[in-house]
Amino acid sequence: MTPAEAAGAIERVLRDGLDPEAAPARSAVPVPAGELLMMPAASARYTGVKIAGVAPANPAVGLPRITGSYLLLDGPTLQPLALLDGIALTSLRTPAVTAVALDRLAVPRAGHLVLFGSGPQAYGHLDALLAVRPLTRVTVVARSEQPAEALARYARAHGVAAAVGTPADVADADLVVCCTTARTPLFDGALVPDHAAVAAVGSHEVDAREVDEVLVARSALYVEARAVALREAGDLLMAGITGADTLWNLAELVNGAAPVPADRPRFFKSVGMAWEDLAVAAEAYRREAG
């Protein structure tokens, strides 16, 4: 399944009437190695659950920080249909959600992407945004130069001018995407141009954020769902956002109910929701089953 097809699956369920505010909550269980996340979702046709592990010590021994599996069930009978690689699914669905949002929040000629991070989500977001936006330039900002340069080479291989940069490059950005494990802001929010659209996907914790309160205060704010953002989105909570009336959700954005102002940045914060996994997993299953 291509990134564009995954984005299409996300769009379709929202256009068909899915209400993100009514989606089941994620449950998190502390375990000795870190955290175990369980994310169930259901529709009339399919039910599914993702079990993901977050093991902070894994990278030090050469293993992925995130692990997981996805079980897809038949909706009416709850009979198992497929077992999917949870990390591959997450690496596809998270960029698809961002692409759906930024395709609507970006100015028409947005060509310069500043991309924070150099891991799988950074690659996935680059692929997804190339599928929906006419990117002409990518600036990669990461902690380590070698992985950053590798991602820049990947972008150049896809026909886009690309180089390694610094956080100050957001001053010349049309799009900014943050795909990191940072717990403190990555750049000065005052530098972001009024015409830019920004997305942050790296955290679902109340005490971690990738953007600062300056950017949040300047921006029109969009989330997957108000309820989950006000529980989990540290980027917003640490900036003092506590009321739902300041937020637009993704269904409202996709269906044209959310305003998209041109006089200030637009900031999309995602934390990951189970309905997104189900939408993409079900689409992958349908394609495989014929």
# chains A, B, ... in the order shown; residues from 1 in each chain; ligands from 1

$ residues_around --residues "range 156-158 of chain A" --least-positions-apart "3" --cutoff "12 Å" --atoms "only C-alpha atoms" --output "PyMOL selection string"
chain A and resi 123+126-127+129-131+135-140+149-153+161-164

$ residues_around --residues "Ser69 in chain A" --least-positions-apart "3" --cutoff "8 Å" --atoms "only C-alpha atoms" --output "list in words"
Lys50, Ile51, Ala52, Leu83, Leu84, Asp85, Gly86 and Ile87 of chain A

$ write_last_selection --atoms "N, CA, C and O atoms" --output "PDB file, in the first residue's frame"
ATOM      1  N   LYS A  50      -4.245  -2.887  18.318  1.00  0.00           N
ATOM      2  CA  LYS A  50      -2.784  -2.838  18.241  1.00  0.00           C
ATOM      3  C   LYS A  50      -2.222  -2.933  19.647  1.00  0.00           C
ATOM      4  O   LYS A  50      -2.698  -2.254  20.559  1.00  0.00           O
ATOM      5  N   ILE A  51      -1.224  -3.797  19.804  1.00  0.00           N
ATOM      6  CA  ILE A  51      -0.479  -3.880  21.057  1.00  0.00           C
ATOM      7  C   ILE A  51       0.937  -3.421  20.747  1.00  0.00           C
ATOM      8  O   ILE A  51       1.638  -4.044  19.933  1.00  0.00           O
ATOM      9  N   ALA A  52       1.330  -2.327  21.349  1.00  0.00           N
ATOM     10  CA  ALA A  52       2.642  -1.740  21.073  1.00  0.00           C
ATOM     11  C   ALA A  52       3.442  -1.643  22.356  1.00  0.00           C
ATOM     12  O   ALA A  52       2.900  -1.316  23.420  1.00  0.00           O
ATOM     13  N   LEU A  83      -2.915 -10.896  10.977  1.00  0.00           N
ATOM     14  CA  LEU A  83      -1.968 -10.364  11.947  1.00  0.00           C
ATOM     15  C   LEU A  83      -0.955  -9.526  11.176  1.00  0.00           C
ATOM     16  O   LEU A  83      -0.303 -10.027  10.263  1.00  0.00           O
ATOM     17  N   LEU A  84      -0.865  -8.266  11.525  1.00  0.00           N
ATOM     18  CA  LEU A  84      -0.004  -7.335  10.810  1.00  0.00           C
ATOM     19  C   LEU A  84       1.159  -6.900  11.691  1.00  0.00           C
ATOM     20  O   LEU A  84       1.043  -6.869  12.928  1.00  0.00           O
ATOM     21  N   ASP A  85       2.248  -6.543  11.049  1.00  0.00           N
ATOM     22  CA  ASP A  85       3.387  -5.958  11.750  1.00  0.00           C
ATOM     23  C   ASP A  85       2.973  -4.579  12.269  1.00  0.00           C
ATOM     24  O   ASP A  85       2.686  -3.673  11.486  1.00  0.00           O
ATOM     25  N   GLY A  86       2.931  -4.440  13.580  1.00  0.00           N
ATOM     26  CA  GLY A  86       2.461  -3.189  14.160  1.00  0.00           C
ATOM     27  C   GLY A  86       3.344  -1.999  13.849  1.00  0.00           C
ATOM     28  O   GLY A  86       2.861  -0.875  13.705  1.00  0.00           O
ATOM     29  N   ILE A  87       4.648  -2.219  13.735  1.00  0.00           N
ATOM     30  CA  ILE A  87       5.555  -1.106  13.461  1.00  0.00           C
ATOM     31  C   ILE A  87       5.424  -0.658  12.019  1.00  0.00           C
ATOM     32  O   ILE A  87       5.401   0.543  11.722  1.00  0.00           O
TER      33      ILE A  87
END

$ select_by_dssp --residues "range 8-256 of chain A" --states "helix (DSSP H, G or I)" --output "PyMOL selection string"
chain A and resi 8-15+20-22+58-61+86-105+120-132+145-157+167-172+189-191+213-218+226-232+234-237+244-246+250-254

$ closest_residue --among "A:Leu175, A:Ala190, A:Leu18, A:Ala258" --to "Arg218 in chain A" --atoms "only C-alpha atoms"
A:Ala190

$ closest_residue --among "A:Ala225, A:Val214, A:Ala196, A:Leu105" --to "Ala251 in chain A" --atoms "only C-alpha atoms"
A:Ala225

$ closest_residue --among "A:Gly62, A:Pro167, A:Ala96, A:Thr47" --to "Ala9 in chain A" --atoms "only C-alpha atoms"
A:Ala96

$ closest_residue --among "A:Arg143, A:Arg45, A:Arg12, A:Arg109" --to "Leu73 in chain A" --atoms "only C-alpha atoms"
A:Arg45

$ residues_around --residues "Pro261 in chain A" --least-positions-apart "6" --cutoff "12 Å" --atoms "only C-alpha atoms" --output "count of residues only"
14

$ residues_around --residues "range 230-243 of chain A" --least-positions-apart "2" --cutoff "7 Å" --atoms "only C-alpha atoms" --output "compact mmCIF listing (two decimals) with C-alpha atoms, in the first residue's frame"
# COMPACT_ATOMS: atom_id res chain seq x y z
CA HIS A 204 1.74 11.24 23.29
CA GLU A 205 2.93 12.23 26.76
CA VAL A 206 1.77 15.20 28.81
CA ASP A 207 5.32 16.14 29.85
CA ALA A 208 7.00 15.98 26.42
CA ARG A 209 6.80 18.40 23.52
CA GLU A 210 8.55 19.24 20.25
CA VAL A 211 7.27 22.82 19.83
CA ASP A 212 7.22 25.74 22.24
CA GLU A 213 4.44 27.84 23.71
CA VAL A 216 1.21 27.37 19.94
CA ARG A 226 -10.04 17.30 21.09
CA ALA A 227 -10.67 14.77 23.86
CA VAL A 228 -7.48 12.80 23.31
CA ASP A 245 -12.89 25.56 22.13
CA THR A 246 -9.42 26.46 20.80
CA VAL A 271 -0.74 11.59 19.30

$ residues_around --residues "Pro134 in chain A" --least-positions-apart "5" --cutoff "10 Å" --atoms "only C-alpha atoms" --output "list of chain:residue names"
A:Pro108, A:Arg109, A:Ala110, A:Gly111, A:His112, A:Leu129, A:Val160

$ closest_residue --among "A:Gln146, A:Thr98, A:Asn58, A:Asn249" --to "Val176 in chain A" --atoms "only C-alpha atoms"
A:Thr98

$ residues_around --residues "Ala279 in chain A" --least-positions-apart "2" --cutoff "8 Å" --atoms "only C-alpha atoms" --output "ChimeraX atom specification"
/A:9-10,13,275-277,281-283

$ write_last_selection --atoms "N, CA and C atoms" --output "PDB file, in the first residue's frame"
ATOM      1  N   ALA A   9      -7.282   6.148   2.742  1.00  0.00           N
ATOM      2  CA  ALA A   9      -8.055   5.351   3.694  1.00  0.00           C
ATOM      3  C   ALA A   9      -8.456   6.186   4.911  1.00  0.00           C
ATOM      4  N   ILE A  10      -7.539   7.015   5.394  1.00  0.00           N
ATOM      5  CA  ILE A  10      -7.852   7.908   6.516  1.00  0.00           C
ATOM      6  C   ILE A  10      -8.949   8.886   6.120  1.00  0.00           C
ATOM      7  N   VAL A  13     -12.671   7.226   5.869  1.00  0.00           N
ATOM      8  CA  VAL A  13     -13.447   6.945   7.079  1.00  0.00           C
ATOM      9  C   VAL A  13     -13.968   8.238   7.706  1.00  0.00           C
ATOM     10  N   TRP A 275      -8.419   4.353  15.692  1.00  0.00           N
ATOM     11  CA  TRP A 275      -9.238   4.322  14.479  1.00  0.00           C
ATOM     12  C   TRP A 275      -8.372   4.469  13.233  1.00  0.00           C
ATOM     13  N   GLU A 276      -7.249   5.159  13.365  1.00  0.00           N
ATOM     14  CA  GLU A 276      -6.344   5.320  12.221  1.00  0.00           C
ATOM     15  C   GLU A 276      -5.698   3.986  11.842  1.00  0.00           C
ATOM     16  N   ASP A 277      -5.262   3.239  12.860  1.00  0.00           N
ATOM     17  CA  ASP A 277      -4.698   1.913  12.610  1.00  0.00           C
ATOM     18  C   ASP A 277      -5.715   1.013  11.923  1.00  0.00           C
ATOM     19  N   ALA A 281      -5.197  -0.686   8.355  1.00  0.00           N
ATOM     20  CA  ALA A 281      -5.112  -2.144   8.384  1.00  0.00           C
ATOM     21  C   ALA A 281      -6.218  -2.786   7.551  1.00  0.00           C
ATOM     22  N   ALA A 282      -7.440  -2.256   7.678  1.00  0.00           N
ATOM     23  CA  ALA A 282      -8.559  -2.792   6.912  1.00  0.00           C
ATOM     24  C   ALA A 282      -8.339  -2.600   5.419  1.00  0.00           C
ATOM     25  N   GLU A 283      -7.819  -1.451   5.038  1.00  0.00           N
ATOM     26  CA  GLU A 283      -7.539  -1.199   3.613  1.00  0.00           C
ATOM     27  C   GLU A 283      -6.453  -2.135   3.104  1.00  0.00           C
TER      28      GLU A 283
END
